[in-house]
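**Student:** Sharing a structure below in structure tokens format, with a few things to ask.
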Amino acid sequence: MSRGGRAGKEVSKIPYVNVPNDLSKVKTKLAFNLTKRQLVCFGIAAAVGIPTYLLARSTIGNTGAMFLMMAVALPAFLLAMYEKDGLPLEKVVGNIIRARFLRPGIRPYQTQNIYAPFTQRGAAGKEDAIENSKKPKARPRKGH
């Protein structure tokens with residue numbers, strides 16, 4: 001029997017540290033626990049937002065100037081903080097634009113028959129025969 005009265009239960013005092021499985025996703029932090037990208041984007045947001053607030057405060061009041069400053073600085077904050085599946089905001093938006101607007105919506109499955117020159121009828125004859133055989137045949141419903 002052990003000294004502490006606990007039979008078979010050893011308590012370890014080793015500190016536990018989480019180590020990510022993929023070390024390539026670990027980002028180097030520079031200052032204030034922020035990455036270089038975040039520091040640059042926050043600096044740009046401050047460089048654009050603060051003068052906007054100071055210049056607009058006298059004409060539209062404090063509340064309006066504050067909302068204008070937030071609207072002007074928001075894109076820089078989104079560029080700094082938003083990340084989906086390891087991709088930054090500009091790449092995510094680029095992928096969405098490419099998928100929705102630049103690529104065709106319907107991409108039919110088409111094959112290239114590399115053996116067509118060696119057949120007598122060619123690929124078109126076989127494809128037409130297959131297409132004609134796939135036409136749905138109308139048949140009455142059961143129970144009517």
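Residues in the structure tokens are numbered from 1 in each chain, the chains being A, B, ... in the order shown, and ligands are numbered from 1 in the order shown.
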Dump as CSV the rows for residues of segment 62-118 of chain A within 8 Å of segment 27-51 of chain A: closest atom pair and distance in Å with one decimal, only C-alpha atoms counted, ordered by chain and rising residue number.
**Tutor:**
residue,atom,partner,partner_atom,distance
A:Met69,CA,A:Gly49,CA,4.8
A:Met70,CA,A:Gly49,CA,7.1
A:Val72,CA,A:Gly49,CA,6.1
A:Ala73,CA,A:Ala45,CA,4.7
A:Leu74,CA,A:Ala45,CA,7.5
A:Ala76,CA,A:Cys41,CA,5.3
A:Phe77,CA,A:Phe42,CA,6.4
A:Leu79,CA,A:Cys41,CA,6.9
A:Ala80,CA,A:Gln38,CA,4.6
A:Met81,CA,A:Gln38,CA,6.9
**Student:** With C-alpha atoms retained, could you export that selection as a PDB file, in the first residue's frame?
**Tutor:**
ATOM      1  CA  MET A  69     -15.237  56.203 -38.386  1.00  0.00           C
ATOM      2  CA  MET A  70     -16.474  52.653 -37.679  1.00  0.00           C
ATOM      3  CA  VAL A  72     -14.442  53.505 -42.691  1.00  0.00           C
ATOM      4  CA  ALA A  73     -12.286  51.323 -40.405  1.00  0.00           C
ATOM      5  CA  LEU A  74     -14.446  48.178 -40.616  1.00  0.00           C
ATOM      6  CA  ALA A  76      -9.437  46.930 -42.356  1.00  0.00           C
ATOM      7  CA  PHE A  77     -10.657  45.137 -39.216  1.00  0.00           C
ATOM      8  CA  LEU A  79      -9.116  41.976 -43.358  1.00  0.00           C
ATOM      9  CA  ALA A  80      -7.191  41.610 -40.094  1.00  0.00           C
ATOM     10  CA  MET A  81      -9.466  39.261 -38.187  1.00  0.00           C
TER      11      MET A  81
END
**Student:** Among segment 14-132 of chain A, which residues carry a DSSP assignment of helix (DSSP H, G or I), reported as a CSV table (one decimal) with N, CA and C atoms, in the first residue's frame?
**Tutor:**
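As a result, part.csv now contains:
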chain,number,residue,atom,x,y,z
A,23,LEU,N,1.6,22.0,-37.2
A,23,LEU,CA,2.4,23.2,-36.7
A,23,LEU,C,2.5,24.3,-37.8
A,24,SER,N,2.1,24.0,-39.0
A,24,SER,CA,2.1,25.0,-40.1
A,24,SER,C,1.1,26.1,-39.9
A,25,LYS,N,0.0,25.7,-39.1
A,25,LYS,CA,-1.0,26.7,-38.8
A,25,LYS,C,-0.7,27.6,-37.6
A,36,LYS,N,1.6,39.9,-37.7
A,36,LYS,CA,2.1,41.1,-38.4
A,36,LYS,C,0.9,41.6,-39.3
A,37,ARG,N,0.2,40.7,-39.9
A,37,ARG,CA,-1.0,41.1,-40.7
A,37,ARG,C,-2.0,41.9,-39.9
A,38,GLN,N,-2.3,41.5,-38.7
A,38,GLN,CA,-3.2,42.2,-37.8
A,38,GLN,C,-2.7,43.5,-37.4
A,39,LEU,N,-1.4,43.6,-37.1
A,39,LEU,CA,-0.9,44.9,-36.7
A,39,LEU,C,-0.9,45.9,-37.9
A,40,VAL,N,-0.6,45.5,-39.1
A,40,VAL,CA,-0.6,46.4,-40.2
A,40,VAL,C,-2.1,46.8,-40.5
A,41,CYS,N,-3.0,45.9,-40.5
A,41,CYS,CA,-4.4,46.2,-40.8
A,41,CYS,C,-5.0,47.2,-39.7
A,42,PHE,N,-4.7,46.9,-38.4
A,42,PHE,CA,-5.1,47.8,-37.4
A,42,PHE,C,-4.5,49.2,-37.5
A,43,GLY,N,-3.2,49.2,-37.9
A,43,GLY,CA,-2.6,50.5,-38.1
A,43,GLY,C,-3.2,51.3,-39.2
A,44,ILE,N,-3.6,50.6,-40.3
A,44,ILE,CA,-4.3,51.3,-41.4
A,44,ILE,C,-5.6,51.7,-41.0
A,45,ALA,N,-6.3,50.9,-40.2
A,45,ALA,CA,-7.7,51.3,-39.7
A,45,ALA,C,-7.6,52.6,-38.8
A,46,ALA,N,-6.6,52.6,-38.0
A,46,ALA,CA,-6.4,53.8,-37.1
A,46,ALA,C,-6.0,55.0,-38.0
A,47,ALA,N,-5.1,54.8,-38.9
A,47,ALA,CA,-4.6,55.9,-39.8
A,47,ALA,C,-5.7,56.5,-40.6
A,48,VAL,N,-6.7,55.7,-40.9
A,48,VAL,CA,-7.9,56.2,-41.7
A,48,VAL,C,-9.0,56.6,-40.8
A,49,GLY,N,-9.3,55.9,-39.8
A,49,GLY,CA,-10.4,56.1,-38.9
A,49,GLY,C,-10.3,57.4,-38.0
A,50,ILE,N,-9.2,57.6,-37.4
A,50,ILE,CA,-9.0,58.7,-36.5
A,50,ILE,C,-9.1,60.0,-37.2
A,51,PRO,N,-8.4,60.3,-38.3
A,51,PRO,CA,-8.6,61.6,-39.0
A,51,PRO,C,-10.1,61.7,-39.5
A,52,THR,N,-10.7,60.6,-39.9
A,52,THR,CA,-12.1,60.7,-40.3
A,52,THR,C,-13.0,61.2,-39.2
A,53,TYR,N,-12.8,60.7,-38.0
A,53,TYR,CA,-13.6,61.1,-36.9
A,53,TYR,C,-13.3,62.6,-36.5
A,54,LEU,N,-12.0,62.9,-36.5
A,54,LEU,CA,-11.7,64.3,-36.1
A,54,LEU,C,-12.2,65.3,-37.1
A,55,LEU,N,-12.1,65.0,-38.4
A,55,LEU,CA,-12.6,66.0,-39.4
A,55,LEU,C,-14.1,66.0,-39.5
A,56,ALA,N,-14.8,64.9,-39.2
A,56,ALA,CA,-16.3,64.9,-39.3
A,56,ALA,C,-17.0,65.3,-38.1
A,57,ARG,N,-16.3,65.3,-36.9
A,57,ARG,CA,-16.9,65.6,-35.7
A,57,ARG,C,-17.6,67.0,-35.6
A,58,SER,N,-16.9,68.0,-36.2
A,58,SER,CA,-17.5,69.3,-36.2
A,58,SER,C,-18.7,69.5,-37.1
A,59,THR,N,-18.8,68.7,-38.2
A,59,THR,CA,-19.9,68.9,-39.1
A,59,THR,C,-21.1,68.0,-38.8
A,60,ILE,N,-20.9,66.7,-38.4
A,60,ILE,CA,-22.0,65.8,-38.2
A,60,ILE,C,-22.2,65.4,-36.7
A,61,GLY,N,-21.4,66.0,-35.8
A,61,GLY,CA,-21.5,65.6,-34.4
A,61,GLY,C,-20.7,64.4,-34.0
A,62,ASN,N,-20.6,64.2,-32.7
A,62,ASN,CA,-19.8,63.1,-32.2
A,62,ASN,C,-20.4,61.7,-32.6
A,63,THR,N,-21.7,61.5,-32.5
A,63,THR,CA,-22.3,60.2,-32.8
A,63,THR,C,-22.1,59.9,-34.2
A,64,GLY,N,-22.5,60.8,-35.1
A,64,GLY,CA,-22.3,60.6,-36.6
A,64,GLY,C,-20.9,60.3,-37.0
A,65,ALA,N,-20.0,61.1,-36.4
A,65,ALA,CA,-18.6,60.9,-36.7
A,65,ALA,C,-18.1,59.6,-36.2
A,66,MET,N,-18.6,59.1,-35.1
A,66,MET,CA,-18.2,57.8,-34.6
A,66,MET,C,-18.6,56.7,-35.5
A,67,PHE,N,-19.9,56.8,-36.0
A,67,PHE,CA,-20.4,55.8,-36.9
A,67,PHE,C,-19.7,55.8,-38.2
A,68,LEU,N,-19.3,57.0,-38.7
A,68,LEU,CA,-18.6,57.1,-39.9
A,68,LEU,C,-17.2,56.5,-39.8
A,69,MET,N,-16.6,56.8,-38.6
A,69,MET,CA,-15.2,56.2,-38.4
A,69,MET,C,-15.3,54.7,-38.4
A,70,MET,N,-16.3,54.1,-37.7
A,70,MET,CA,-16.5,52.7,-37.7
A,70,MET,C,-16.7,52.1,-39.1
A,71,ALA,N,-17.5,52.8,-39.9
A,71,ALA,CA,-17.8,52.3,-41.3
A,71,ALA,C,-16.5,52.4,-42.1
A,72,VAL,N,-15.7,53.4,-41.9
A,72,VAL,CA,-14.4,53.5,-42.7
A,72,VAL,C,-13.4,52.5,-42.2
A,73,ALA,N,-13.3,52.2,-40.9
A,73,ALA,CA,-12.3,51.3,-40.4
A,73,ALA,C,-12.7,49.8,-40.5
A,74,LEU,N,-14.0,49.6,-40.7
A,74,LEU,CA,-14.4,48.2,-40.6
A,74,LEU,C,-13.8,47.3,-41.7
A,75,PRO,N,-13.6,47.7,-42.9
A,75,PRO,CA,-12.9,46.8,-43.9
A,75,PRO,C,-11.5,46.4,-43.4
A,76,ALA,N,-10.8,47.3,-42.8
A,76,ALA,CA,-9.4,46.9,-42.4
A,76,ALA,C,-9.5,45.9,-41.2
A,77,PHE,N,-10.5,46.1,-40.3
A,77,PHE,CA,-10.7,45.1,-39.2
A,77,PHE,C,-11.0,43.8,-39.8
A,78,LEU,N,-11.9,43.7,-40.8
A,78,LEU,CA,-12.3,42.4,-41.3
A,78,LEU,C,-11.1,41.8,-42.0
A,79,LEU,N,-10.3,42.5,-42.7
A,79,LEU,CA,-9.1,42.0,-43.4
A,79,LEU,C,-8.2,41.4,-42.3
A,80,ALA,N,-8.1,42.0,-41.1
A,80,ALA,CA,-7.2,41.6,-40.1
A,80,ALA,C,-7.7,40.4,-39.4
A,81,MET,N,-9.0,40.3,-39.1
A,81,MET,CA,-9.5,39.3,-38.2
A,81,MET,C,-10.2,38.1,-38.8
A,89,LEU,N,-9.6,36.9,-45.7
A,89,LEU,CA,-10.9,37.4,-46.2
A,89,LEU,C,-10.8,37.7,-47.7
A,90,GLU,N,-9.7,38.2,-48.2
A,90,GLU,CA,-9.6,38.5,-49.7
A,90,GLU,C,-9.6,37.3,-50.5
A,91,LYS,N,-9.0,36.2,-50.0
A,91,LYS,CA,-9.0,34.9,-50.8
A,91,LYS,C,-10.4,34.3,-50.7
A,92,VAL,N,-11.1,34.4,-49.6
A,92,VAL,CA,-12.5,33.8,-49.5
A,92,VAL,C,-13.4,34.6,-50.4
A,93,VAL,N,-13.3,35.9,-50.5
A,93,VAL,CA,-14.2,36.7,-51.4
A,93,VAL,C,-13.8,36.4,-52.8
A,94,GLY,N,-12.5,36.3,-53.1
A,94,GLY,CA,-12.1,35.9,-54.5
A,94,GLY,C,-12.6,34.6,-54.9
A,95,ASN,N,-12.6,33.6,-54.0
A,95,ASN,CA,-13.2,32.3,-54.4
A,95,ASN,C,-14.7,32.4,-54.6
A,96,ILE,N,-15.4,33.1,-53.8
A,96,ILE,CA,-16.8,33.3,-54.0
A,96,ILE,C,-17.2,33.9,-55.3
A,97,ILE,N,-16.4,35.0,-55.6
A,97,ILE,CA,-16.7,35.7,-56.9
A,97,ILE,C,-16.4,34.8,-58.1
A,98,ARG,N,-15.3,34.0,-58.0
A,98,ARG,CA,-14.9,33.1,-59.0
A,98,ARG,C,-16.0,32.0,-59.2
A,99,ALA,N,-16.5,31.5,-58.1
A,99,ALA,CA,-17.4,30.4,-58.2
A,99,ALA,C,-18.8,30.8,-58.6
A,100,ARG,N,-19.2,32.0,-58.2
A,100,ARG,CA,-20.6,32.5,-58.5
A,100,ARG,C,-20.7,33.2,-59.8
A,101,PHE,N,-19.7,34.0,-60.2
A,101,PHE,CA,-19.9,34.9,-61.3
A,101,PHE,C,-19.0,34.6,-62.5
A,102,LEU,N,-17.8,34.1,-62.3
A,102,LEU,CA,-16.8,33.9,-63.4
A,102,LEU,C,-16.9,32.6,-64.0
A,116,ALA,N,-12.2,7.3,-80.7
A,116,ALA,CA,-13.2,7.6,-81.8
A,116,ALA,C,-12.5,7.5,-83.2
A,117,PRO,N,-11.3,8.0,-83.4
A,117,PRO,CA,-10.7,7.8,-84.7
A,117,PRO,C,-10.5,6.4,-85.2
A,118,PHE,N,-10.5,5.4,-84.2
A,118,PHE,CA,-10.3,4.1,-84.6
A,118,PHE,C,-11.6,3.3,-84.9
A,123,ALA,N,-17.5,8.5,-82.4
A,123,ALA,CA,-18.0,8.7,-81.0
A,123,ALA,C,-19.5,9.2,-81.1
A,124,ALA,N,-19.8,10.0,-82.1
A,124,ALA,CA,-21.1,10.6,-82.2
A,124,ALA,C,-22.2,9.6,-82.3
A,125,GLY,N,-22.0,8.5,-83.1
A,125,GLY,CA,-23.0,7.5,-83.3
A,125,GLY,C,-23.3,6.8,-82.0
A,126,LYS,N,-22.3,6.5,-81.2
A,126,LYS,CA,-22.6,5.8,-79.9
A,126,LYS,C,-23.3,6.7,-78.9
A,127,GLU,N,-22.8,8.0,-78.9
A,127,GLU,CA,-23.5,8.9,-77.9
A,127,GLU,C,-24.9,9.2,-78.3
A,128,ASP,N,-25.2,9.2,-79.6
A,128,ASP,CA,-26.6,9.5,-80.0
A,128,ASP,C,-27.4,8.2,-79.7
A,129,ALA,N,-26.9,7.1,-79.8
A,129,ALA,CA,-27.6,5.9,-79.5
A,129,ALA,C,-27.9,5.8,-78.0
A,130,ILE,N,-27.0,6.1,-77.2
A,130,ILE,CA,-27.2,6.1,-75.8
A,130,ILE,C,-28.2,7.2,-75.4
A,131,GLU,N,-28.1,8.4,-76.0
A,131,GLU,CA,-29.0,9.4,-75.6
A,131,GLU,C,-30.5,9.1,-76.0
A,132,ASN,N,-30.6,8.4,-77.2
A,132,ASN,CA,-32.0,8.0,-77.6
A,132,ASN,C,-32.5,6.9,-76.7
